[in-house]
Amino acid sequence: MGRIQLHDIRKSFGAVDVLKGIDLTVEEGELVVFVGPSGCGKSTLLRMIAGLDQPTAGRVEIDGTDVTARSAADRGLAMVFQSYALYPHMTVRANMAFGLQNTRMPKAEIDTRIAEAARMLEIEPLLERRPGQLSGGQRQRVAIGRAIVRRPTAFLLDEPLSNLDAELRVSMRAELSALHDRLGATMIHVTHDQVEAMTMADRIVVLRAGKVEQVDTPLNLFNRPANLFVAGFIGAPGMNLWTGQAKGGSVQLDNGATLPLPVGLAVPDGAVTLGIRPQHLRPEVGGPLRAEVRLIEALGPESVVHADMGAGNGLLAVLPGQPDLARGAVIELGYDPQSVHVFGADGQRLG
Amino acid sequence: MTGVKEVLGAVVAAPLGWLARLLDTPLRLWQRLAGQNGMVAFFLLPNMAIFTVFVLLPLVINIAYSMTTGAALFLPERTYVGAAQFERLLRCTDYTDLMTCQEDQFWIALRNTGSFVVLQVTLLIVAATITALILNRALRALSFWRAVFFFPVLLSPVVVGLIWRWILDRNGVLNAALVGMGMDPVNWLLDRNYAFSAAIGVTIWAHLGFFALILLAGLQAIPRDLYEAAEMDGTKPARVFWRITLPLLMPNMLVVIVLALIRAVQVFDEAYVLTGGGPGTATLFLTQYIYEVGFASLLKNPGLAAAASILMGGVLIVLTLLQLALGRKNERKGKLK
Amino acid sequence: MSRVMGFLTRRKGGTGWDWTDVFTFVWLGSAVFIMFGPALWLVMSSFKSPAQLSEFPPTLLPYEAQTVAVEGYDRPLPLFSVTDEAGTRQLAEVRRVGTVAQMVDPANPTEVQRINIANRTPMREVGFSWDNYLDPFLRFDFLTYTKNSIFVTGVATLITLLTNSMAAFALSKYEFRGRGFVVVLIIATLMIPLSVILVPLYSIVSGVGLINSLWGVILPTVATPTGVFLLRQYMLTIPDELLEAARMDHASEWQIYWRIVLPLTAPALAVLAIFSVVWRWNDFLWPLIVLSRQEVYTLQVGLNAYAGELNVQWHYLLAMTVITMIPVVLVFIFLQRFITAGIAGTGLK
C-alpha cells in the first residue's frame, strides 16, 4: 500500500509548459522530497498526484491502479498545505473529524482516531480550540493530525514548514522524520529548502523548469551530482564551478591556472566545467589555486572565505577554525583530486 | 453580539442545516453525473433565473414597450408605433414655454427634477462634507455622533414623509414655533416654493448620514502622519484643508457625488408621501410622472411611461458608468480601502 | 456623565476657543435637535388624543383631561381650574350651555355654580392614548399589513441570502467559460433602479399571475446584483487551499459551499441580511404598484393609503408610523456597528 507511479506527466497552462514529462516511482513507505527553485513545477506535480489539478497528459498510478481520472477525494491521499488550510470556523477536533464524517464513519471510530492522533502529536489540550487561537507550530501539528486520522495511503506535504520561524522549522523537521518512521507511510514532501530536503528525505527529486534533474539519496546527490544544476543547487555554500579546457588529465581555467583531474577519469579534450565543494579546499602552500581574499565570514568553528582568482572566476572555501586572513591577502589552496566533479559541455557529469 | 448569533443559529441555521444535509446525497449524485460544470450550473441557476426574468428581461422588453401604444398589458397585444411615444414626450411648439409641449407634465417633471438634483446634491454634499470633517475631529463618543446623523438613513421613505408632513402641517410644531417667536405661520406644503424646499430639506435630512459616513471613511483613511508633517511645517489649518484633506478626499468625494446624483434623479417616495407632487405640479418628479402615466392616472399609457423611463435610464447609465470608472480608478490607487 | 462633560469641554489644542470649536458645537448641537427631534416629536404626538392633536399651539407632552368622580353623577366629570372674583378653585363640569358652564365642587356636589367659560381652564395630566395603537390593530387591517410586511421581509431576505451566496460562490470559486460575462452583466445592472423597468416588470409579474400576491413583491427584489457583488468580493478573499483541503477531505461541492464557504462568509452575509431586512421592510414604490387589494398591503403601502384618505385620522396614522419605524430602529440600535462598517466598506444602501 502506498506505491505511487508517475508516467510521463505533462502540464501546460495555455502555451506555457509547466511540467515536461515526469516519470517517477515513489516506493511504499518512502519519504521522498521534491526540491527545486520556485517555479520549477514541484507544487504543481504534487497537486497532480493529489488530484487537485489534472495533468494535460500522462498517468498517475497508486498501487498499480490508474487514478488519473479520479477526484482528489477518491485517491485515498491526505495533504498538508503550505498555509495549513485549517477550517477557521471549526474547532481542532471538528477540523480533524470533518473528513471522516464525510465518509460516514461511525462516531466512535472517529473519536478513537482523533484521540490517537492527538496523543501522538501532543495536541490533546488544543482539541476544543479554534485555529485562530493556536500558534504557528500548533497549527502545523493540527494540519498533520488532520492528515493522520484519515489513515491515507500516502501523505502529501506542500512546503509545510515554510511558514514557521527558523528555530521551530528545525525541530518540526526532526519531528516529521520521526513521525514518518513511526507511521511507516509513504510521504511526499515539497520544499524549496535544500537543507530540509537533505535532512529528511530517503530520496530527493530535484526538479528544474518542469523536468526531473536527478533522483537519488541525499548523500549520492551531494557526492555525485548528475549535472551542473544539481551540483550548484545541492550543498551550502554552493559548489565552486569553473569553466576551462581539458587537456591530457588536467584542466586549464580561463585565468590560466591548471588543475589536476581525478585519477582514472577519462575526460575527452575540450570545454568542461570543473566543480569543487568549498569544504574540500584546504590551505596548501604552492597549491594549484591562488586567490585574493575579498570577504571572510567567520562562523566560529569554520570560516567561509570569498576570494577572487582573476578573470572573473570567484572562489569559495570553507576553512576549518579561524584562519588568520585579512582582506586583500593572497591564499594558496589545494584539494584531493578525487573530490573534483567534472561536467561536460552539455552540463552532464563525466564519469 | 453572541446573543444575536446564537438565536439566529437556533432559529435559522438549524433547520437550514437539516435541509442542507438532506440535499447532500442527491447533489453528490448530480456532481458525479454532471461534473464540476454541472455544479456551477446548479449554484448559478436560482439567482440567474430570477435575475433574468425580473431584471434582464424587463430591461429588454422596456425598449420594445416604448415603441408601442394602447392600454393592453402584454407586449404581443400592443400596437407598434415606432418612435411616436418619444416624439410625443419631446415635442414642443415653443421650447421656451413648457405649456406648449405636448406632454407638458413630462417637461414639468423634468424641470423639477433638474432643479431638485442641482440644489439637493449641492446642499447635501456640502452638509455631508462638513459633518464628516467634524466627526473626523470629534473622536470622542464618535459612535454616538455617527448614530445621530445616520439614524434617519434607515427609516422608510413613507415614515420620513409622514414625520415631516406632521411637522410641517399647517397646525404643526414648526408653525407653533414660528408663532411662539412672534412670526406668522407658513403654509409649508401648500406653497409652491416652500413645498419644493421642503422636499429638498427632507431628502437631505434622510440621506445626510449615509454620505457623511462614506466621506468619514475616506477622511479616516488619510494617514495621520501627513497632518503631523504639516503641523511640523507650521501649515495653517485652512491650508491643510485645501492642500491635504480635500485632494486626498477627492476620490471618495467624486464617488459620493455621482452616487448622490444617481439617487437624486430617481427621487420619489419621500417627496411623494410628503407632498403627493403638489401643490399643483410643484414637486412632480420624473419617477412620479412615470408611475402616474404607467399605473395611476385615468389615461394610463404604459408605452409613454416606458419611453420616459428609458430617457431616465439613459441619464442613469451615464452616471453609473462614470461611477464605475471612478471606482476603478480609486481601486487602482488603492485609496478606498 | 463625566465622559459627556469631558467631550463637551474638549477644545482644539486644549486652550482658548477656536472658531472651529464654536462651529463644531453649533453643528453637533443642532444636529441632535434636527435629527432626533422629528422622530421624538412623532413618538410623543402618537400618544395624543384626537382633540389634543388639533390643538394649536401643540403641547410638548401628551395630556388627557383630568376627571373626578362626583357623588350623584354616573360618569366621571371633567375637572377645571376656575379663577374669578371668588378666587381660584377646582370645579367639575356638569354641563355647558353657550358660554356658561354649570359646575360643581367635588367636595360639595349638591351646589351647582354657573361659571363663565372664559374664567376656567381644563385640568390636565400627562396621559397616553394607548387606543391610538390598539384600535388600528383591532378595528382596522394593520395587523394584516404587519403580518404581510414581516412575511415579505423574512422570506425575501432568506431567498436573497441563499441565491446570492450560491451565485457568488460559483462566480468566485470556479473557473468556467462565460464567468467573466456573467460578472460584467451583474456589475452592469448594479445601478439599474426599479423605476427604469417599472412598466415591463409589471407586465411580467402580471404575466406570471403574481399581481396582488406577496410573491410578486418578493421575487423581483431577491436577485440583487448588489448582494451577489458584495458576497463575491468577500468570497474571493477566502483562500482556495481551504476548498482544496475540503476536497481532499471527501467533501462534495455542495458541502464545501455549505460547511466551509458559507460560515466563513458570515460577516458579509450579516451585512447583506441587515440591509436586505431594511430594504424589504421599507420598500414602497414596487409594492404600491403590485398590491392594490387591502388584504395584501404591506405596512408602507397601508400607511400611505391611510395618509391619502380625505379625512386623515392623524392619531392612528402617527401611531402606526411609530410601529412601522420600530423594527428599523431596533436593527439600528443593535447592529449599528455592522451597518456603518458595511456602508463605509462597500457604499451599500
# chains A, B, ... in the order shown; residues from 1 in each chain; ligands from 1
>>> select_by_dssp(residues="stretch 75-237 of chain B", states="strand (DSSP E or B)", output="list of chain:residue names")
B:Thr79, B:Tyr80, B:Cys92, B:Cys101
>>> select_by_dssp(residues="stretch 118-150 of chain A", states="helix (DSSP H, G or I)", output="short mmCIF file (atom, residue, chain, number, x, y, z; two decimals) with N, CA and C atoms, in the first residue's frame")
data_model
loop_
_atom_site.label_atom_id
_atom_site.label_comp_id
_atom_site.auth_asym_id
_atom_site.auth_seq_id
_atom_site.Cartn_x
_atom_site.Cartn_y
_atom_site.Cartn_z
N ALA A 118 -4.16 12.85 18.37
CA ALA A 118 -3.88 13.96 19.28
C ALA A 118 -2.80 13.57 20.27
N ARG A 119 -2.84 12.31 20.73
CA ARG A 119 -1.81 11.84 21.66
C ARG A 119 -0.45 11.82 20.97
N MET A 120 -0.44 11.29 19.78
CA MET A 120 0.81 11.18 19.04
C MET A 120 1.44 12.55 18.82
N LEU A 121 0.60 13.54 18.53
CA LEU A 121 1.12 14.87 18.19
C LEU A 121 1.13 15.82 19.39
N GLU A 124 -3.52 17.20 22.52
CA GLU A 124 -4.77 16.92 23.24
C GLU A 124 -5.39 18.15 23.90
N PRO A 125 -4.58 19.04 24.54
CA PRO A 125 -5.21 20.19 25.21
C PRO A 125 -5.80 21.19 24.23
N LEU A 126 -5.50 21.04 22.96
CA LEU A 126 -5.93 22.06 21.98
C LEU A 126 -7.22 21.67 21.26
N PRO A 131 -8.49 27.30 15.20
CA PRO A 131 -7.17 27.56 14.62
C PRO A 131 -6.64 28.95 14.94
N GLY A 132 -7.54 29.94 15.00
CA GLY A 132 -7.11 31.30 15.27
C GLY A 132 -6.45 31.47 16.62
N GLN A 133 -6.72 30.52 17.54
CA GLN A 133 -6.16 30.65 18.89
C GLN A 133 -4.86 29.86 19.04
N GLY A 136 1.75 29.11 15.37
CA GLY A 136 2.11 28.53 14.07
C GLY A 136 2.46 27.06 14.18
N GLY A 137 3.27 26.72 15.18
CA GLY A 137 3.68 25.33 15.34
C GLY A 137 2.52 24.42 15.69
N GLN A 138 1.61 24.96 16.52
CA GLN A 138 0.44 24.16 16.89
C GLN A 138 -0.45 23.91 15.68
N ARG A 139 -0.62 24.94 14.87
CA ARG A 139 -1.43 24.77 13.66
C ARG A 139 -0.84 23.70 12.77
N GLN A 140 0.47 23.74 12.67
CA GLN A 140 1.19 22.77 11.87
C GLN A 140 0.86 21.35 12.34
N ARG A 141 0.90 21.15 13.66
CA ARG A 141 0.60 19.82 14.20
C ARG A 141 -0.83 19.42 13.89
N VAL A 142 -1.75 20.39 14.03
CA VAL A 142 -3.15 20.06 13.76
C VAL A 142 -3.32 19.66 12.29
N ALA A 143 -2.64 20.40 11.43
CA ALA A 143 -2.75 20.08 10.00
C ALA A 143 -2.25 18.67 9.73
N ILE A 144 -1.16 18.30 10.40
CA ILE A 144 -0.65 16.94 10.24
C ILE A 144 -1.63 15.94 10.84
N GLY A 145 -2.17 16.32 12.00
CA GLY A 145 -3.15 15.45 12.66
C GLY A 145 -4.35 15.19 11.77
N ARG A 146 -4.78 16.24 11.08
CA ARG A 146 -5.94 16.09 10.20
C ARG A 146 -5.62 15.09 9.08
N ALA A 147 -4.34 15.05 8.69
CA ALA A 147 -3.97 14.09 7.65
C ALA A 147 -3.87 12.69 8.25
N ILE A 148 -3.32 12.59 9.45
CA ILE A 148 -3.09 11.28 10.06
C ILE A 148 -4.39 10.51 10.28
#
>>> interface_residues(of="chain A", to="chain B", cutoff="12 Å", atoms="only C-alpha atoms", output="list in words")
Ala69, Arg70, Ser71, Asp74, Asn102 and Arg104 of chain A
>>> write_last_selection(atoms="N, CA and C atoms", output="short mmCIF file (atom, residue, chain, number, x, y, z; two decimals), in the first residue's frame")
data_model
loop_
_atom_site.label_atom_id
_atom_site.label_comp_id
_atom_site.auth_asym_id
_atom_site.auth_seq_id
_atom_site.Cartn_x
_atom_site.Cartn_y
_atom_site.Cartn_z
N ALA A 69 -8.04 9.78 -13.57
CA ALA A 69 -9.36 10.38 -13.77
C ALA A 69 -10.13 10.53 -12.45
N ARG A 70 -9.56 10.00 -11.38
CA ARG A 70 -10.30 10.05 -10.12
C ARG A 70 -10.20 11.41 -9.45
N SER A 71 -11.25 11.78 -8.69
CA SER A 71 -11.22 13.05 -7.97
C SER A 71 -10.29 12.92 -6.77
N ASP A 74 -11.17 10.64 -3.92
CA ASP A 74 -11.22 9.18 -4.11
C ASP A 74 -9.85 8.54 -4.28
N ASN A 102 -17.34 12.90 6.47
CA ASN A 102 -17.75 12.88 5.07
C ASN A 102 -17.76 11.48 4.49
N ARG A 104 -18.82 9.04 6.23
CA ARG A 104 -19.84 8.38 7.07
C ARG A 104 -19.24 7.35 8.02
#
>>> residues_around(residues="B:Ala306", least_positions_apart="3", cutoff="9 Å", atoms="only C-alpha atoms", output="mmCIF file with C-alpha atoms, in the first residue's frame")
data_model
loop_
_atom_site.group_PDB
_atom_site.id
_atom_site.type_symbol
_atom_site.label_atom_id
_atom_site.label_comp_id
_atom_site.auth_asym_id
_atom_site.auth_seq_id
_atom_site.Cartn_x
_atom_site.Cartn_y
_atom_site.Cartn_z
ATOM 1 C CA ASN B 62 -38.774 48.069 -21.945
ATOM 2 C CA ILE B 63 -37.294 49.113 -25.250
ATOM 3 C CA ALA B 64 -39.922 47.216 -27.222
ATOM 4 C CA TYR B 65 -42.592 48.528 -24.900
ATOM 5 C CA SER B 66 -41.659 52.142 -25.527
ATOM 6 C CA MET B 67 -42.378 51.650 -29.224
ATOM 7 C CA GLN B 85 -44.018 57.884 -27.881
ATOM 8 C CA ILE B 290 -43.597 57.536 -14.864
ATOM 9 C CA GLY B 294 -47.924 53.994 -16.298
ATOM 10 C CA ASN B 301 -50.276 54.974 -21.206
ATOM 11 C CA PRO B 302 -47.671 52.328 -20.343
ATOM 12 C CA GLY B 303 -45.855 52.886 -23.637
ATOM 13 C CA SER B 309 -38.193 55.570 -18.170
ATOM 14 C CA ILE B 310 -35.775 54.837 -20.994
ATOM 15 C CA LEU B 311 -34.823 58.502 -21.129
ATOM 16 C CA VAL C 196 -36.456 52.325 -15.030
ATOM 17 C CA ILE C 197 -38.122 48.953 -15.527
ATOM 18 C CA LEU C 198 -41.428 49.532 -13.730
ATOM 19 C CA VAL C 199 -43.698 49.081 -16.720
ATOM 20 C CA PRO C 200 -42.253 45.915 -18.301
#
>>> atom_distance(atom1="atom CA of A:Ala257", atom2="atom CA of A:Leu289")
6.9 Å
>>> interface_residues(of="chain B", to="chain C", cutoff="6 Å", atoms="only C-alpha atoms", output="list in words")
Val40, Phe43, Leu44, Pro46, Asn47, Ile50, Phe51, Phe54, Pro58, Asn62, Leu73, Ser156, Val159, Ala176, Ile214, Ala217, Ser309 and Gly313 of chain B
>>> interface_residues(of="chain A", to="chain C", cutoff="8 Å", atoms="only C-alpha atoms", output="list in words")
Ala50, Leu52, Ala72, Ala73, Asp74, Leu77, Ala78, Met79, Phe81, Ser83, Ala85, Leu86, Tyr87, Pro88, His89, Phe98, Gly99, Leu100, Asn102 and Thr103 of chain A
>>> write_last_selection(atoms="N, CA and C atoms", output="PDB file, in the first residue's frame")
ATOM      1  N   ALA A  50      -2.159  14.659  -6.001  1.00  0.00           N
ATOM      2  CA  ALA A  50      -3.297  14.768  -5.088  1.00  0.00           C
ATOM      3  C   ALA A  50      -4.618  14.676  -5.829  1.00  0.00           C
ATOM      4  N   LEU A  52      -5.808  17.460  -7.315  1.00  0.00           N
ATOM      5  CA  LEU A  52      -6.379  18.811  -7.288  1.00  0.00           C
ATOM      6  C   LEU A  52      -6.251  19.471  -8.654  1.00  0.00           C
ATOM      7  N   ALA A  72      -9.926  14.083  -6.247  1.00  0.00           N
ATOM      8  CA  ALA A  72      -8.984  14.136  -5.125  1.00  0.00           C
ATOM      9  C   ALA A  72      -9.476  13.284  -3.958  1.00  0.00           C
ATOM     10  N   ALA A  73     -10.778  13.332  -3.736  1.00  0.00           N
ATOM     11  CA  ALA A  73     -11.323  12.651  -2.574  1.00  0.00           C
ATOM     12  C   ALA A  73     -11.170  11.140  -2.691  1.00  0.00           C
ATOM     13  N   ASP A  74     -11.172  10.635  -3.923  1.00  0.00           N
ATOM     14  CA  ASP A  74     -11.217   9.185  -4.112  1.00  0.00           C
ATOM     15  C   ASP A  74      -9.847   8.542  -4.285  1.00  0.00           C
ATOM     16  N   LEU A  77      -5.549   9.811  -0.490  1.00  0.00           N
ATOM     17  CA  LEU A  77      -4.359  10.525  -0.050  1.00  0.00           C
ATOM     18  C   LEU A  77      -4.758  11.624   0.921  1.00  0.00           C
ATOM     19  N   ALA A  78      -3.779  12.081   1.703  1.00  0.00           N
ATOM     20  CA  ALA A  78      -4.031  13.233   2.565  1.00  0.00           C
ATOM     21  C   ALA A  78      -2.954  14.265   2.291  1.00  0.00           C
ATOM     22  N   MET A  79      -3.352  15.534   2.463  1.00  0.00           N
ATOM     23  CA  MET A  79      -2.411  16.589   2.102  1.00  0.00           C
ATOM     24  C   MET A  79      -2.287  17.576   3.251  1.00  0.00           C
ATOM     25  N   PHE A  81      -1.217  21.419   3.685  1.00  0.00           N
ATOM     26  CA  PHE A  81      -0.991  22.568   2.815  1.00  0.00           C
ATOM     27  C   PHE A  81       0.002  23.537   3.423  1.00  0.00           C
ATOM     28  N   SER A  83      -0.336  26.702   3.786  1.00  0.00           N
ATOM     29  CA  SER A  83      -0.994  27.593   4.740  1.00  0.00           C
ATOM     30  C   SER A  83      -1.731  26.792   5.806  1.00  0.00           C
ATOM     31  N   ALA A  85      -4.347  25.430   5.782  1.00  0.00           N
ATOM     32  CA  ALA A  85      -5.736  25.332   5.338  1.00  0.00           C
ATOM     33  C   ALA A  85      -6.623  24.689   6.391  1.00  0.00           C
ATOM     34  N   LEU A  86      -6.434  25.090   7.637  1.00  0.00           N
ATOM     35  CA  LEU A  86      -7.358  24.622   8.681  1.00  0.00           C
ATOM     36  C   LEU A  86      -8.647  25.415   8.554  1.00  0.00           C
ATOM     37  N   TYR A  87      -9.782  24.760   8.745  1.00  0.00           N
ATOM     38  CA  TYR A  87     -11.067  25.464   8.649  1.00  0.00           C
ATOM     39  C   TYR A  87     -11.183  26.392   9.849  1.00  0.00           C
ATOM     40  N   PRO A  88     -11.144  27.717   9.609  1.00  0.00           N
ATOM     41  CA  PRO A  88     -11.032  28.639  10.740  1.00  0.00           C
ATOM     42  C   PRO A  88     -12.255  28.642  11.643  1.00  0.00           C
ATOM     43  N   HIS A  89     -13.402  28.216  11.124  1.00  0.00           N
ATOM     44  CA  HIS A  89     -14.632  28.294  11.908  1.00  0.00           C
ATOM     45  C   HIS A  89     -14.901  27.016  12.669  1.00  0.00           C
ATOM     46  N   PHE A  98     -13.861  16.359  10.244  1.00  0.00           N
ATOM     47  CA  PHE A  98     -14.622  16.710   9.035  1.00  0.00           C
ATOM     48  C   PHE A  98     -14.485  15.664   7.921  1.00  0.00           C
ATOM     49  N   GLY A  99     -13.259  15.321   7.604  1.00  0.00           N
ATOM     50  CA  GLY A  99     -13.034  14.379   6.512  1.00  0.00           C
ATOM     51  C   GLY A  99     -13.593  13.000   6.809  1.00  0.00           C
ATOM     52  N   LEU A 100     -13.514  12.611   8.085  1.00  0.00           N
ATOM     53  CA  LEU A 100     -14.010  11.279   8.448  1.00  0.00           C
ATOM     54  C   LEU A 100     -15.530  11.241   8.398  1.00  0.00           C
ATOM     55  N   ASN A 102     -17.342  12.903   6.468  1.00  0.00           N
ATOM     56  CA  ASN A 102     -17.753  12.882   5.068  1.00  0.00           C
ATOM     57  C   ASN A 102     -17.758  11.476   4.492  1.00  0.00           C
ATOM     58  N   THR A 103     -16.993  10.569   5.103  1.00  0.00           N
ATOM     59  CA  THR A 103     -17.023   9.193   4.615  1.00  0.00           C
ATOM     60  C   THR A 103     -17.993   8.354   5.436  1.00  0.00           C
TER      61      THR A 103
END
>>> atom_distance(atom1="atom CA of A:Ile204", atom2="atom CA of A:Ala236")
16.2 Å
>>> atom_distance(atom1="atom CA of A:Ala94", atom2="atom CA of A:Glu116")
14.9 Å
>>> closest_residue(among="A:Ile110, A:Leu31, A:Val16, A:Leu325", to="A:Thr217", atoms="only C-alpha atoms")
A:Leu31
>>> residues_around(residues="A:Pro55", least_positions_apart="2", cutoff="6 Å", atoms="only C-alpha atoms", output="JSON list (two decimals) with C-alpha atoms, in the first residue's frame")
[["chain", "number", "residue", "atom", "x", "y", "z"],
["A", 10, "ARG", "CA", 2.79, 16.83, -18.58],
["A", 11, "LYS", "CA", 1.02, 20.03, -17.71],
["A", 57, "ALA", "CA", -1.07, 14.25, -20.44]]
>>> closest_residue(among="A:Arg294, A:Arg173, A:His341, A:Arg150", to="A:Leu228", atoms="only C-alpha atoms")
A:His341
